[in-house]
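Heads up, the thing below is written out as structure tokens.
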Amino acid sequence: MSTFQSGPAPARPASDGEALDALRAALAAEHAAIYGYGVVGGRVDKGRRPDAREAYDAHRARRDALARAVLDQGGEPVQAQAAYALPFPVPDHASALRLAAELEDRLAGAYADLVRATGGSRRREAATALREAAVRSARWRGRGVAFPGLVDREDGPADR
């Protein structure tokens with residue numbers, strides 16, 4: 001006879017390697033976002049530039065915190081690339097808004113993975129970063145998404 005448990009199943013503890021990989025992936029996403037916000041800031045209308053600057057500064061602070069966390073975990077922080085390929089051309093204000101939302105969506109995905117791979121205070125920090133990315137994305141886009149950071153992926157839950 002089997003029994004059913006009520007409530008969520010206990011989370012499988014991530015290995016130190018998985019946590020470090022997730023930290024490094026979030027750091028890489030922050031590097032890309034910082035680059036992208038340089039483009040956004042140059043293309044958005046004057047009224048949205050303070051928003052772009054605020055996001056740029058927030059991502060620089062997160063980048064620095066993630067680099068320290070990677071070092072604390074005994075890893076080598078990933079370095080920023082000299083340039084990043086943008087997902088689409090950004091010639092004007094409207095495309096800059098789309099880019100900013102896309103950057104935040106990608107960050108939300110990286111932070112969702114970090115939430116899954118870590119625990120304790122690091123998980124809380126990642127959840128906060130996920131929430132902030134979702135809020136920024138909604139502000140840039142003008143609407144939110146149901147599950148920020150959880151986009152359709154080729155490798156679904158059954159493939160993991």
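Naming scheme: A, B, ... for chains in displayed order of the structure tokens; residues 1 onward per chain; ligands 1 onward as shown.
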
For region 47-55 of chain A, list every protein, DNA or RNA residue within 9 Å, evaluated using only C-alpha atoms, and leave out those in the same chain fewer than 2 positions away; present the list as JSON, numbers by chain. {"A": [34, 37, 38, 40, 41, 42, 43, 44, 45, 57, 58, 59, 60, 100, 136]}

For CA of Glu76 (chain A) and CA of Arg123 (chain A), determine how far apart the two atoms are, in Å to one decimal place.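 For CA of Glu76 (chain A) relative to CA of Arg123 (chain A), the distance reads 20.1 Å.
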
Name all residues at most 7 Å from Ala29 (chain A) (count only C-alpha atoms; drop same-chain ones fewer than 3 positions away) and give them as a VMD selection string. chain A and resid 25 to 26 32 to 33 107 110

Write the residues of the preceding selection, restricted to all heavy atoms, as a CSV table (one decimal), in the first residue's frame.
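What follows is the written file part18.csv:
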```
chain,number,residue,atom,x,y,z
A,25,ALA,N,27.2,30.6,-14.2
A,25,ALA,CA,26.3,30.9,-15.3
A,25,ALA,C,25.5,32.2,-15.0
A,25,ALA,O,25.3,33.0,-15.9
A,25,ALA,CB,25.2,29.8,-15.4
A,26,ALA,N,25.2,32.4,-13.7
A,26,ALA,CA,24.5,33.7,-13.4
A,26,ALA,C,25.5,34.9,-13.6
A,26,ALA,O,25.1,35.9,-14.0
A,26,ALA,CB,24.0,33.7,-11.9
A,32,ALA,N,26.8,39.7,-19.6
A,32,ALA,CA,26.1,39.9,-20.9
A,32,ALA,C,25.0,41.1,-20.7
A,32,ALA,O,24.9,41.9,-21.6
A,32,ALA,CB,25.4,38.7,-21.4
A,33,ALA,N,24.4,41.1,-19.5
A,33,ALA,CA,23.3,42.1,-19.3
A,33,ALA,C,24.0,43.5,-19.2
A,33,ALA,O,23.5,44.5,-19.7
A,33,ALA,CB,22.6,41.8,-18.0
A,107,LEU,N,18.3,36.8,-17.5
A,107,LEU,CA,18.8,36.8,-16.1
A,107,LEU,C,17.9,36.0,-15.2
A,107,LEU,O,18.3,35.2,-14.4
A,107,LEU,CB,19.0,38.2,-15.6
A,107,LEU,CG,20.2,38.9,-16.1
A,107,LEU,CD1,20.1,40.4,-15.9
A,107,LEU,CD2,21.4,38.4,-15.5
A,110,ALA,N,18.7,32.4,-15.5
A,110,ALA,CA,19.9,32.1,-14.8
A,110,ALA,C,19.7,32.0,-13.3
A,110,ALA,O,20.2,31.1,-12.6
A,110,ALA,CB,21.0,33.0,-15.1
```

Step one, run DSSP on the backbone; step two, keep only residues of region 33-127 of chain A assigned to alpha helix (DSSP H); then write them as a ChimeraX atom specification. /A:33-43,49-72,93-117,120-127

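The spacing separating CA of Asp21 (chain A) from CA of Tyr35 (chain A) amounts to 21.3 Å.
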
Between A:Pro91, A:Gly120, A:Gly109, A:Gly17, single out the one closest to Val70 (chain A), counting only C-alpha atoms. A:Gly17

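Closest approach to Trp140 (chain A) among A:Val78, A:Leu71, A:Glu102, A:Glu125 is made by A:Glu102 (distances from only C-alpha atoms).
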